[in-house]
>>> print(open('run_33.txt').read())   # compact mmCIF, C-alpha atoms and all ligand atoms
# COMPACT_ATOMS: atom_id res chain seq x y z
CA MET A 1 23.79 -35.33 -6.40
CA ASN A 2 23.53 -33.15 -9.50
CA ILE A 3 20.43 -32.47 -11.59
CA LEU A 4 20.15 -30.96 -15.05
CA ALA A 5 16.70 -29.48 -15.78
CA ILE A 6 15.29 -28.37 -19.12
CA GLU A 7 12.21 -26.19 -19.69
CA THR A 8 10.83 -25.45 -23.18
CA SER A 9 7.04 -25.41 -22.70
CA CYS A 10 6.44 -21.99 -24.23
CA ASP A 11 8.71 -19.11 -25.29
CA GLU A 12 11.48 -19.50 -22.71
CA THR A 13 14.43 -21.79 -23.40
CA ALA A 14 15.79 -22.58 -19.95
CA ILE A 15 18.38 -24.93 -18.46
CA CYS A 16 19.47 -25.26 -14.83
CA TYR A 17 22.25 -27.25 -13.13
CA LEU A 18 21.37 -27.87 -9.50
CA SER A 19 23.39 -29.66 -6.80
CA VAL A 20 21.52 -31.27 -3.95
CA SER A 21 22.65 -32.62 -0.58
CA GLU A 22 20.41 -34.12 2.07
CA SER A 23 20.83 -33.94 5.85
CA ASN A 24 18.71 -34.45 8.98
CA THR A 25 17.53 -30.86 8.92
CA GLY A 26 16.43 -30.80 5.29
CA THR A 27 17.72 -30.56 1.75
CA THR A 28 20.35 -28.08 0.64
CA PHE A 29 20.13 -26.90 -2.94
CA THR A 30 22.98 -25.12 -4.70
CA VAL A 31 22.13 -23.43 -7.98
CA GLN A 32 25.31 -23.86 -10.03
CA GLU A 33 23.86 -22.34 -13.19
CA ASN A 34 20.38 -21.21 -14.15
CA ILE A 35 19.95 -19.69 -17.60
CA THR A 36 16.65 -18.49 -19.07
CA HIS A 37 16.54 -17.20 -22.63
CA THR A 38 13.31 -15.39 -23.50
CA GLN A 39 12.54 -15.56 -27.20
CA LEU A 40 12.02 -12.00 -28.41
CA GLU A 41 11.08 -13.18 -31.90
CA HIS A 42 7.38 -13.35 -30.86
CA ILE A 43 7.05 -9.64 -29.99
CA ALA A 44 6.37 -8.65 -33.59
CA TYR A 45 3.45 -11.12 -33.75
CA GLY A 46 1.78 -10.08 -30.48
CA GLY A 47 1.70 -13.67 -29.18
CA VAL A 48 3.68 -16.92 -29.09
CA PHE A 49 3.98 -18.76 -32.41
CA PRO A 50 4.57 -22.51 -31.84
CA THR A 51 6.71 -23.02 -34.96
CA ILE A 52 8.94 -20.05 -34.11
CA ALA A 53 9.16 -21.25 -30.49
CA LYS A 54 10.29 -24.68 -31.73
CA ARG A 55 12.89 -23.25 -34.11
CA GLU A 56 14.34 -20.97 -31.42
CA HIS A 57 14.44 -23.76 -28.79
CA MET A 58 16.37 -25.96 -31.23
CA ILE A 59 18.85 -23.17 -31.92
CA ASN A 60 19.30 -22.14 -28.28
CA LEU A 61 19.27 -25.43 -26.33
CA PRO A 62 22.81 -26.53 -27.43
CA ILE A 63 24.19 -22.99 -26.92
CA ILE A 64 22.81 -22.75 -23.37
CA LEU A 65 23.88 -26.30 -22.53
CA GLU A 66 27.45 -25.55 -23.51
CA LYS A 67 27.53 -22.57 -21.13
CA ILE A 68 25.94 -24.64 -18.34
CA MET A 69 28.12 -27.75 -18.65
CA HIS A 70 31.41 -25.88 -19.02
CA GLY A 71 33.76 -27.83 -16.71
CA ARG A 72 30.93 -29.57 -14.86
CA GLU A 73 30.32 -33.24 -14.14
CA ILE A 74 27.71 -35.22 -16.00
CA PRO A 75 24.53 -34.89 -13.87
CA ASP A 76 22.95 -37.85 -12.04
CA TYR A 77 19.64 -37.35 -13.77
CA ILE A 78 17.88 -35.03 -16.20
CA CYS A 79 14.50 -33.42 -15.54
CA VAL A 80 12.42 -32.13 -18.43
CA THR A 81 9.03 -30.43 -18.69
CA ASN A 82 6.58 -32.75 -20.50
CA GLY A 83 3.47 -30.52 -20.21
CA PRO A 84 1.28 -28.61 -20.14
CA GLY A 85 2.49 -26.29 -22.89
CA LEU A 86 2.92 -26.01 -26.64
CA GLU A 87 3.50 -29.52 -27.96
CA PRO A 88 6.13 -28.68 -30.63
CA ALA A 89 8.02 -26.66 -28.00
CA LEU A 90 7.77 -29.40 -25.36
CA TRP A 91 9.08 -32.02 -27.81
CA CYS A 92 12.28 -29.97 -28.31
CA GLY A 93 13.13 -30.25 -24.61
CA ILE A 94 12.13 -33.91 -24.38
CA THR A 95 14.16 -35.11 -27.38
CA PHE A 96 17.11 -32.97 -26.28
CA ALA A 97 16.97 -34.54 -22.78
CA GLN A 98 16.70 -38.06 -24.23
CA GLU A 99 19.66 -37.52 -26.56
CA LEU A 100 21.78 -36.24 -23.66
CA SER A 101 20.77 -39.23 -21.55
CA LYS A 102 21.83 -41.57 -24.37
CA LYS A 103 25.12 -39.76 -24.85
CA TRP A 104 25.95 -39.60 -21.12
CA SER A 105 24.74 -43.08 -20.05
CA ASP A 106 28.04 -44.90 -20.15
CA SER A 107 28.95 -46.90 -17.04
CA ARG A 108 25.71 -45.77 -15.33
CA ARG A 109 22.28 -44.87 -16.66
CA ILE A 110 21.38 -41.17 -16.57
CA PRO A 111 17.58 -41.25 -16.30
CA VAL A 112 15.18 -38.66 -17.69
CA ILE A 113 12.38 -37.58 -15.33
CA PRO A 114 9.27 -35.92 -16.87
CA VAL A 115 8.11 -32.92 -14.81
CA ASN A 116 4.76 -31.15 -14.78
CA HIS A 117 5.22 -27.46 -15.56
CA MET A 118 2.48 -26.40 -13.10
CA GLU A 119 4.05 -28.39 -10.27
CA GLY A 120 7.22 -26.48 -11.08
CA HIS A 121 5.37 -23.18 -10.60
CA ILE A 122 3.95 -24.42 -7.27
CA LEU A 123 7.36 -25.47 -5.91
CA SER A 124 9.12 -22.35 -7.24
CA ILE A 125 8.01 -20.61 -4.01
CA LEU A 126 10.53 -22.73 -2.08
CA VAL A 127 13.40 -20.72 -3.57
CA PRO A 128 14.28 -17.62 -1.52
CA GLU A 129 14.96 -14.28 -3.25
CA ASN A 130 18.51 -13.83 -4.60
CA LYS A 131 19.94 -16.98 -3.02
CA THR A 132 22.02 -19.52 -4.91
CA GLU A 133 22.28 -21.81 -1.87
CA PHE A 134 19.35 -22.56 0.41
CA THR A 135 18.08 -25.30 2.71
CA ILE A 136 14.49 -26.47 2.55
CA PRO A 137 13.14 -28.24 5.65
CA THR A 138 11.63 -31.72 5.36
CA GLU A 139 8.17 -30.29 6.06
CA LEU A 140 7.89 -27.94 3.08
CA PHE A 141 4.81 -25.94 4.19
CA PRO A 142 1.66 -26.63 6.23
CA LEU A 143 -0.86 -28.81 4.38
CA PRO A 144 -3.36 -28.79 2.82
CA ALA A 145 -2.18 -25.88 0.71
CA LEU A 146 -4.03 -23.99 -1.98
CA ALA A 147 -2.11 -23.01 -5.11
CA LEU A 148 -3.28 -20.25 -7.40
CA LEU A 149 -1.56 -20.64 -10.78
CA ILE A 150 -1.93 -17.60 -12.99
CA SER A 151 -0.05 -17.45 -16.27
CA GLY A 152 -0.46 -16.87 -19.99
CA GLY A 153 -1.84 -20.37 -20.50
CA HIS A 154 -3.45 -21.21 -17.15
CA THR A 155 -5.67 -19.90 -14.42
CA GLU A 156 -6.20 -22.62 -11.86
CA LEU A 157 -6.90 -23.19 -8.20
CA VAL A 158 -5.18 -26.37 -7.09
CA LEU A 159 -5.60 -28.14 -3.77
CA VAL A 160 -2.23 -29.52 -2.65
CA LYS A 161 -2.89 -32.46 -0.31
CA ASN A 162 0.76 -33.45 -0.43
CA ILE A 163 3.71 -33.09 -2.79
CA GLY A 164 2.65 -35.00 -5.90
CA GLU A 165 -1.02 -35.13 -4.78
CA TYR A 166 -2.97 -32.37 -6.45
CA SER A 167 -6.54 -31.75 -7.47
CA ILE A 168 -7.74 -28.87 -9.62
CA ILE A 169 -10.76 -27.38 -7.86
CA GLY A 170 -11.31 -24.51 -10.29
CA LYS A 171 -10.05 -23.14 -13.56
CA THR A 172 -10.82 -20.69 -16.32
CA ARG A 173 -13.62 -21.64 -18.67
CA ASP A 174 -12.10 -19.63 -21.53
CA ASP A 175 -9.06 -17.32 -21.54
CA ALA A 176 -6.30 -17.51 -18.97
CA VAL A 177 -5.81 -14.28 -17.01
CA GLY A 178 -2.37 -13.64 -18.57
CA GLU A 179 -3.91 -14.17 -22.01
CA ALA A 180 -6.56 -11.55 -21.14
CA PHE A 181 -3.79 -9.11 -20.11
CA ASP A 182 -2.02 -9.82 -23.40
CA LYS A 183 -5.20 -9.37 -25.50
CA VAL A 184 -6.25 -6.15 -23.73
CA ALA A 185 -2.72 -4.80 -24.25
CA ARG A 186 -2.99 -5.61 -27.94
CA ILE A 187 -6.37 -3.83 -28.18
CA LEU A 188 -4.70 -0.79 -26.58
CA GLY A 189 -1.81 -1.00 -29.07
CA LEU A 190 0.74 -2.14 -26.49
CA PRO A 191 3.47 -4.73 -27.21
CA TYR A 192 3.61 -8.39 -26.11
CA PRO A 193 3.83 -9.56 -23.32
CA GLY A 194 0.97 -7.32 -22.30
CA GLY A 195 0.88 -7.95 -18.53
CA PRO A 196 3.74 -5.63 -17.52
CA GLU A 197 2.55 -3.02 -20.07
CA ILE A 198 -0.99 -2.95 -18.65
CA ALA A 199 0.40 -2.75 -15.11
CA LYS A 200 2.57 0.21 -16.10
CA LEU A 201 -0.29 2.03 -17.83
CA ALA A 202 -2.64 1.33 -14.89
CA SER A 203 -0.13 2.83 -12.44
CA GLN A 204 -0.31 6.14 -14.36
CA HIS A 205 -4.07 6.42 -13.78
CA ASN A 206 -5.11 9.25 -11.48
CA THR A 207 -7.31 7.48 -8.92
CA THR A 208 -8.43 10.73 -7.28
CA LYS A 209 -10.46 11.61 -10.39
CA GLN A 210 -14.12 10.58 -10.71
CA LYS A 211 -14.50 7.06 -12.15
CA THR A 212 -15.84 7.09 -15.73
CA ILE A 213 -15.36 3.43 -16.74
CA THR A 214 -16.83 0.34 -15.07
CA LEU A 215 -16.00 -3.14 -16.32
CA PRO A 216 -17.72 -6.39 -15.26
CA ARG A 217 -16.38 -8.75 -12.55
CA PRO A 218 -17.06 -12.07 -14.38
CA MET A 219 -18.21 -15.02 -12.24
CA MET A 220 -17.42 -13.07 -9.08
CA HIS A 221 -20.42 -14.51 -7.24
CA SER A 222 -20.75 -17.93 -8.88
CA GLN A 223 -20.87 -20.78 -6.38
CA ASP A 224 -17.71 -22.49 -7.69
CA TYR A 225 -13.99 -21.77 -8.09
CA ASP A 226 -14.04 -21.24 -11.86
CA PHE A 227 -13.05 -18.12 -13.74
CA SER A 228 -13.90 -16.48 -17.07
CA PHE A 229 -11.91 -13.66 -18.65
CA SER A 230 -13.05 -13.68 -22.25
CA GLY A 231 -16.12 -11.49 -21.53
CA LEU A 232 -13.98 -9.00 -19.65
CA LYS A 233 -11.69 -8.65 -22.67
CA THR A 234 -14.74 -8.14 -24.94
CA ALA A 235 -16.08 -5.51 -22.52
CA VAL A 236 -12.76 -3.65 -22.90
CA LEU A 237 -13.08 -3.87 -26.68
CA TYR A 238 -16.61 -2.37 -26.65
CA THR A 239 -15.59 0.33 -24.17
CA ILE A 240 -12.75 1.34 -26.49
CA ARG A 241 -15.06 1.41 -29.51
CA ASP A 242 -17.46 3.71 -27.62
CA ILE A 243 -14.60 6.01 -26.65
CA GLN A 244 -13.25 6.07 -30.21
CA ALA A 245 -16.72 6.96 -31.55
CA VAL A 246 -16.71 10.23 -29.61
CA HIS A 247 -12.97 11.02 -29.93
CA ASN A 248 -12.48 10.84 -33.72
CA GLY A 249 -11.23 7.26 -33.61
CA MET A 250 -8.69 8.00 -30.85
CA VAL A 251 -8.40 6.83 -27.25
CA PRO A 252 -7.17 9.74 -25.07
CA GLU A 253 -4.24 8.72 -22.88
CA HIS A 254 -6.07 9.32 -19.58
CA LEU A 255 -8.90 7.00 -20.70
CA ALA A 256 -6.44 4.29 -21.79
CA GLN A 257 -4.91 4.57 -18.30
CA GLU A 258 -8.33 4.28 -16.67
CA ILE A 259 -9.24 1.22 -18.78
CA ALA A 260 -5.96 -0.50 -17.83
CA HIS A 261 -6.55 0.33 -14.17
CA GLU A 262 -10.16 -0.85 -14.17
CA PHE A 263 -9.29 -4.05 -16.07
CA GLN A 264 -6.54 -4.85 -13.57
CA GLU A 265 -8.90 -4.12 -10.65
CA SER A 266 -11.53 -6.42 -12.12
CA ALA A 267 -9.09 -9.32 -12.65
CA SER A 268 -7.62 -8.75 -9.21
CA GLU A 269 -10.99 -8.67 -7.40
CA VAL A 270 -12.29 -11.84 -9.07
CA ILE A 271 -9.06 -13.75 -8.47
CA THR A 272 -8.88 -12.64 -4.83
CA LYS A 273 -12.52 -13.47 -4.08
CA LYS A 274 -12.37 -16.99 -5.57
CA THR A 275 -9.03 -17.72 -3.90
CA CYS A 276 -10.26 -16.59 -0.47
CA ASN A 277 -13.49 -18.61 -0.84
CA ALA A 278 -11.39 -21.70 -1.61
CA LEU A 279 -9.00 -21.04 1.30
CA GLN A 280 -11.95 -21.01 3.67
CA ASP A 281 -13.96 -23.85 2.14
CA PHE A 282 -11.00 -26.28 2.05
CA SER A 283 -9.48 -25.12 5.38
CA ALA A 284 -6.19 -24.53 3.58
CA GLN A 285 -3.19 -23.73 5.80
CA THR A 286 -0.98 -22.29 3.07
CA LEU A 287 -1.49 -20.12 -0.01
CA ILE A 288 0.95 -20.50 -2.89
CA VAL A 289 0.78 -18.17 -5.88
CA GLY A 290 2.69 -18.98 -9.07
CA GLY A 291 2.95 -18.14 -12.78
CA GLY A 292 3.87 -15.02 -14.71
CA VAL A 293 0.85 -12.98 -13.57
CA SER A 294 1.93 -13.39 -9.93
CA ALA A 295 4.41 -10.58 -10.73
CA ASN A 296 1.47 -8.14 -10.85
CA ASN A 297 1.64 -5.86 -7.80
CA CYS A 298 -2.07 -5.03 -7.75
CA ILE A 299 -3.04 -8.73 -7.72
CA LYS A 300 -0.26 -9.54 -5.27
CA GLU A 301 -1.25 -6.84 -2.74
CA SER A 302 -4.94 -7.69 -2.98
CA LEU A 303 -4.28 -11.41 -2.40
CA GLN A 304 -1.86 -10.75 0.45
CA THR A 305 -4.22 -8.39 2.30
CA LYS A 306 -7.35 -10.53 1.99
CA ALA A 307 -5.64 -13.90 2.56
CA GLU A 308 -3.98 -12.59 5.76
CA ALA A 309 -7.44 -12.38 7.30
CA ILE A 310 -7.85 -16.14 6.75
CA ILE A 311 -4.42 -17.77 7.17
CA ALA A 312 -1.12 -16.88 8.89
CA PRO A 313 0.86 -14.28 6.88
CA GLU A 314 4.02 -16.44 7.01
CA ASN A 315 2.12 -19.16 5.12
CA ILE A 316 1.41 -16.95 2.10
CA TYR A 317 4.02 -17.54 -0.59
CA PHE A 318 4.82 -15.75 -3.83
CA PRO A 319 7.77 -16.76 -6.00
CA SER A 320 10.81 -14.48 -6.01
CA ARG A 321 10.62 -12.00 -8.88
CA GLU A 322 13.07 -13.82 -11.15
CA LEU A 323 11.11 -17.07 -10.77
CA THR A 324 7.59 -15.77 -11.50
CA GLY A 325 7.96 -16.55 -15.20
CA ASP A 326 9.03 -19.84 -16.75
CA ASN A 327 12.44 -21.14 -15.68
CA ALA A 328 14.32 -24.43 -15.33
CA LEU A 329 15.16 -24.08 -11.62
CA MET A 330 11.53 -24.75 -10.68
CA ILE A 331 11.61 -27.84 -12.93
CA ALA A 332 14.79 -29.06 -11.19
CA ILE A 333 13.18 -28.64 -7.73
CA ALA A 334 9.90 -30.33 -8.75
CA GLY A 335 11.91 -33.10 -10.49
CA TYR A 336 14.00 -33.63 -7.35
CA TYR A 337 10.90 -34.24 -5.19
CA LYS A 338 9.33 -36.48 -7.83
CA TYR A 339 12.50 -38.59 -8.16
CA LYS A 340 12.96 -38.77 -4.38
CA LYS A 341 9.42 -40.08 -3.92
CA ASN A 342 9.81 -42.90 -6.49
CA PRO A 343 13.52 -43.33 -7.38
CA ASP A 344 13.01 -46.71 -9.07
CA VAL A 345 10.42 -45.68 -11.64
CA VAL A 346 11.78 -45.81 -15.20
CA TYR A 347 10.13 -43.27 -17.51
CA ASP A 348 10.91 -44.83 -20.88
CA ASP A 349 8.02 -43.41 -22.90
CA ILE A 350 8.02 -39.68 -22.22
CA ARG A 351 5.64 -37.74 -24.44
CA ALA A 352 4.81 -34.09 -24.85
CA LEU A 353 1.37 -33.61 -23.34
CA GLY A 354 0.13 -30.13 -24.23
CA ASN A 355 -2.93 -30.31 -22.00
CA LEU A 356 -1.43 -32.35 -19.20
CA GLU A 357 -3.23 -31.75 -15.90
CA LEU A 358 -1.60 -31.96 -12.51
O1 LIG B 1 4.20 -18.19 -16.46
P1 LIG B 1 4.53 -17.38 -17.67
O2 LIG B 1 5.90 -16.77 -17.78
O3 LIG B 1 4.34 -18.23 -18.97
C1 LIG B 1 3.26 -19.07 -19.17
O4 LIG B 1 2.24 -18.54 -19.68
O5 LIG B 1 3.36 -20.27 -18.80
O6 LIG B 1 3.43 -16.23 -17.78
C2 LIG B 1 3.42 -15.29 -18.84
C3 LIG B 1 2.20 -14.39 -18.67
C4 LIG B 1 1.96 -13.45 -19.86
O7 LIG B 1 0.60 -13.54 -20.22
C5 LIG B 1 2.30 -12.08 -19.28
O8 LIG B 1 1.59 -11.03 -19.90
C6 LIG B 1 1.91 -12.25 -17.83
O9 LIG B 1 2.35 -13.56 -17.51
N1 LIG B 1 2.56 -11.26 -16.95
C7 LIG B 1 1.89 -10.33 -16.24
C8 LIG B 1 2.85 -9.53 -15.57
N2 LIG B 1 4.10 -10.02 -15.91
C9 LIG B 1 3.89 -11.08 -16.75
N3 LIG B 1 0.57 -10.12 -16.12
C10 LIG B 1 0.17 -9.10 -15.33
N4 LIG B 1 1.03 -8.29 -14.68
C11 LIG B 1 2.37 -8.46 -14.76
N5 LIG B 1 3.21 -7.65 -14.10
ZN ZN B 2 4.46 -21.07 -16.82
>>> encode(input="run_33.txt", output="structure tokens", more="lines below")
Ligand code: KG4
Ligand code: ZN
Amino acid sequence: MNILAIETSCDETAICYLSVSESNTGTTFTVQENITHTQLEHIAYGGVFPTIAKREHMINLPIILEKIMHGREIPDYICVTNGPGLEPALWCGITFAQELSKKWSDSRRIPVIPVNHMEGHILSILVPENKTEFTIPTELFPLPALALLISGGHTELVLVKNIGEYSIIGKTRDDAVGEAFDKVARILGLPYPGGPEIAKLASQHNTTKQKTITLPRPMMHSQDYDFSFSGLKTAVLYTIRDIQAVHNGMVPEHLAQEIAHEFQESASEVITKKTCNALQDFSAQTLIVGGGVSANNCIKESLQTKAEAIIAPENIYFPSRELTGDNALMIAIAGYYKYKKNPDVVYDDIRALGNLEL
């Protein structure tokens, strides 16, 4: 069986062609092609512009498809992200998928399966590092699992009762953590996307020196699983203003490094605390971390160390580095499990749902 998957929820235009074969021991996936094009046009604006994202998706989808389909069979079905994400961007993928389905449905119907972007991030952990062929056992991971989804648009704790059965137990009340990284980077004059830039600057901080900057740990001790990062970003802004007032409008490099380090520590501590509380309170057997911010080493190490005291280390999953950000392989995998669960469902009214929940 062959699957074509399309992802256009934000600023990545991505298509994957995945072959799947089932056996008694599990499901073998072969990644025939997996192309992700990151739109660099947004860098100059310091954030993602929906109209530019749409224009670039429309230009790039046919180009990528041609590379992917070169000499390949028409797939058995098409998976496409229908949300959450930027609606104009999502529509590009959906209409493209529907047009392909129309064009390819000749003697047999080639269905289009809508896929939730966040479910894609959750299931991206099934793909091993640097493998184009891998077998996933029938029992995917011990349940219930807790998924921490941290990206530019989302910060959520999701209880996974089963594949396709999710409940959001906590989320950000304002900015997503990736958004906070991006905004703090912008305040510090660093380019978009800010996450990797902040991480780099933070790593240059000399931790043996006396601490001079302390930022808040928002909602660290609240009795729920929610987050808030907008106040932390504002605290960075005020700290920088205070520094500039005594340094002739400048921020000395060592203080910029300390701010980046302290900001990253704050985000990391809050995320780790809330995640560990949820692991314990819901007796989760597995921890899954997904989304672009899961590439952050400080957050990764903190989560790994603290979660190991609660659940078995082999049940803590991070996506492989190339799958931390948005990609179409995760959409193909999530689409495969969705289709397998209900193969007879016909999705004939697929809409872009910007705020779609799991
Ligand atoms: O999942 P993703 O690729 O796109 C969505 O937002 O859905 O996540 C992108 C976000 C951006 O905010 C980016 O700054 C952040 O992930 N990010 C990081 C790192 N790498 C990417 N944040 C912190 N540390 C990183 N190393
Ligand atoms: Zn994402």
>>> closest_atom_pairs(input="run_33.txt", of="chain A", to="ligand LIG 1 (chain B)", cutoff="7 Å", atoms="all atoms listed in the file", output="CSV")
residue,atom,partner,partner_atom,distance
A:Cys10,CA,B:LIG1,O5,6.5
A:Ser151,CA,B:LIG1,O6,4.0
A:Gly152,CA,B:LIG1,O4,3.2
A:Gly153,CA,B:LIG1,O4,4.5
A:His154,CA,B:LIG1,O4,6.8
A:Gly178,CA,B:LIG1,O7,3.4
A:Glu179,CA,B:LIG1,O7,4.9
A:Phe181,CA,B:LIG1,O8,5.7
A:Asp182,CA,B:LIG1,O8,5.2
A:Pro193,CA,B:LIG1,O8,4.3
A:Gly194,CA,B:LIG1,O8,4.5
A:Gly195,CA,B:LIG1,N3,3.3
A:Pro196,CA,B:LIG1,N5,4.0
A:Ile198,CA,B:LIG1,N4,7.0
A:Ala199,CA,B:LIG1,N4,5.6
A:Gly291,CA,B:LIG1,O1,3.9
A:Gly292,CA,B:LIG1,O6,3.3
A:Val293,CA,B:LIG1,N3,3.8
A:Ser294,CA,B:LIG1,C8,6.9
A:Ala295,CA,B:LIG1,N5,4.6
A:Asn296,CA,B:LIG1,N5,3.7
A:Asn297,CA,B:LIG1,N5,6.7
A:Thr324,CA,B:LIG1,O1,6.5
A:Gly325,CA,B:LIG1,O2,3.3
A:Asp326,CA,B:LIG1,O2,4.5
>>> write_last_selection(input="run_33.txt", atoms="C-alpha atoms", output="mmCIF file, keeping the file's coordinate frame")
data_model
loop_
_atom_site.group_PDB
_atom_site.id
_atom_site.type_symbol
_atom_site.label_atom_id
_atom_site.label_comp_id
_atom_site.auth_asym_id
_atom_site.auth_seq_id
_atom_site.Cartn_x
_atom_site.Cartn_y
_atom_site.Cartn_z
ATOM 1 C CA CYS A 10 6.440 -21.990 -24.230
ATOM 2 C CA SER A 151 -0.050 -17.450 -16.270
ATOM 3 C CA GLY A 152 -0.460 -16.870 -19.990
ATOM 4 C CA GLY A 153 -1.840 -20.370 -20.500
ATOM 5 C CA HIS A 154 -3.450 -21.210 -17.150
ATOM 6 C CA GLY A 178 -2.370 -13.640 -18.570
ATOM 7 C CA GLU A 179 -3.910 -14.170 -22.010
ATOM 8 C CA PHE A 181 -3.790 -9.110 -20.110
ATOM 9 C CA ASP A 182 -2.020 -9.820 -23.400
ATOM 10 C CA PRO A 193 3.830 -9.560 -23.320
ATOM 11 C CA GLY A 194 0.970 -7.320 -22.300
ATOM 12 C CA GLY A 195 0.880 -7.950 -18.530
ATOM 13 C CA PRO A 196 3.740 -5.630 -17.520
ATOM 14 C CA ILE A 198 -0.990 -2.950 -18.650
ATOM 15 C CA ALA A 199 0.400 -2.750 -15.110
ATOM 16 C CA GLY A 291 2.950 -18.140 -12.780
ATOM 17 C CA GLY A 292 3.870 -15.020 -14.710
ATOM 18 C CA VAL A 293 0.850 -12.980 -13.570
ATOM 19 C CA SER A 294 1.930 -13.390 -9.930
ATOM 20 C CA ALA A 295 4.410 -10.580 -10.730
ATOM 21 C CA ASN A 296 1.470 -8.140 -10.850
ATOM 22 C CA ASN A 297 1.640 -5.860 -7.800
ATOM 23 C CA THR A 324 7.590 -15.770 -11.500
ATOM 24 C CA GLY A 325 7.960 -16.550 -15.200
ATOM 25 C CA ASP A 326 9.030 -19.840 -16.750
#
>>> closest_residue(input="run_33.txt", among="A:Ile136, A:Glu33, A:Gly164, A:Ile122", to="Ser21 of chain A", atoms="only C-alpha atoms")
A:Ile136
>>> atom_distance(input="run_33.txt", atom1="atom CA of Lys67 of chain A", atom2="atom CA of Trp104 of chain A")
17.1 Å
>>> residues_near_point(input="run_33.txt", point="(-9.1, -22.2, -1.8)", cutoff="8 Å", atoms="all atoms listed in the file", output="number ranges by chain")
A: 146-147, 157-159, 225, 274-284
>>> atom_distance(input="run_33.txt", atom1="atom CA of Gly290 of chain A", atom2="atom CA of Ile150 of chain A")
6.2 Å
>>> atom_distance(input="run_33.txt", atom1="atom CA of Ala235 of chain A", atom2="atom CA of Gly249 of chain A")
17.6 Å
>>> axis_aligned_box(input="run_33.txt", around="segment 18-28 of chain A", padding_each_side="6 Å", output="lines of an AutoDock Vina configuration file")
center_x = 19.9
center_y = -31.2
center_z = -0.3
size_x = 19.0
size_y = 18.6
size_z = 30.5
>>> closest_residue(input="run_33.txt", among="A:Met118, A:Ala89, A:Ala202, A:Val251", to="ligand ZN 2 (chain B)", atoms="only C-alpha atoms and all ligand atoms")
A:Met118
